[in-house]
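Student: Please see the structure below; I have some questions.
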Amino acid sequence: GEQVEQRPPHLSVREGDSAVITCTYTDPNSYYFFWYKQEPGASLQLLMKVFSSTEINEGQGFTVLLNKKDKRLSLNLTAAHPGDSAAYFCAVSRTNTGKLTFGDGTVLTVKP
Amino acid sequence: GPKVLQIPSHQIIDMGQMVTLNCDPVSNHLYFYWYKQILGQQMEFLVNFYNGKVMEKSKLFKDQFSVERPDGSYFTLKIQPTALEDSAVYFCASSSRGGEEQYFGPGTRLTVL
């Protein structure tokens, strides 16, 4: 089955710095890709979805890059602020079932 | 954004008892999911459900687990009997179509003693 590897497991940056989280996946039939943010004790908040036809998506303060050739998905937080401190999870899905396979998560700490 | 509700938020029960976790999905969604997250660990897929049927389940979805959504009411996960290793946070999610973005509920923290 699908394997999703996420790096790094922990990341600490200063306010204003950028933070990059990367996931690699194994199933070439994966079609939908997601990034979720989870604050302590809370549920998952959808940050961005990326389809196989899209390579770069920009959100509020972050960029998502999908490289299908390398089976790599990355989340780049530009100018991180303390409110970005949370766990971030990538997730991969195949269209026909909707089952999400998650990465192990990255705990991001943004220091003032 | 779309809201998924889960009841209860916390449940403490003795090993061997039955528990039912309830999920109120986004109103026009047709696909429903349960995930399990042990503290500090990865979110893991349990089962997905569409049109009254289980579409796919993982190895974590043991024989003691069952799901249903009778007549458009709550989407439920029942565990009977519970075991110590069932202690975790269980998240419900829903989506409009398979593969589309899933919206997650706040989770039910289950503690089996």
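Naming scheme: A, B, ... for chains in displayed order of the structure tokens; residues 1 onward per chain; ligands 1 onward as shown.
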If you run DSSP on this backbone, which residues of stretch 32-69 of chain B come out as strand (DSSP E), and could you give them as a list of chain:residue names?

Tutor: B:Phe32, B:Tyr33, B:Trp34, B:Tyr35, B:Lys36, B:Gln37, B:Met43, B:Glu44, B:Phe45, B:Leu46, B:Val47, B:Asn48, B:Phe49, B:Tyr50, B:Lys53, B:Val54, B:Met55, B:Glu56, B:Lys57, B:Phe65, B:Ser66, B:Val67, B:Glu68

Student: Return as a ChimeraX atom specification the residues belonging to chain A that are within 12 Å of chain B, counting only C-alpha atoms.

Tutor: /A:1-6,9,30-52,87-107

Student: For atom CA of B:Lys36 and atom CA of A:Ile21, determine how far apart the two atoms are, in Å to one decimal place.

Tutor: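 Spanning atom CA of B:Lys36 to atom CA of A:Ile21 is a straight-line distance of 23.0 Å.
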
Student: Kindly give the distance, in Å, that separates atom CA of B:Thr108 and atom CA of B:Val19, rounded to a single decimal.

Tutor: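 One can read the atom CA of B:Thr108 to atom CA of B:Val19 distance as 11.4 Å.
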
Student: Write out as a list in words all residues of stretch 18-99 of chain B that DSSP puts in helix (DSSP H, G or I) for this structure's backbone.

Tutor: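 Selecting the helix (DSSP H, G or I) positions of stretch 18-99 of chain B gives Pro70, Asp71, Gly72, Leu84, Glu85 and Asp86 of chain B.
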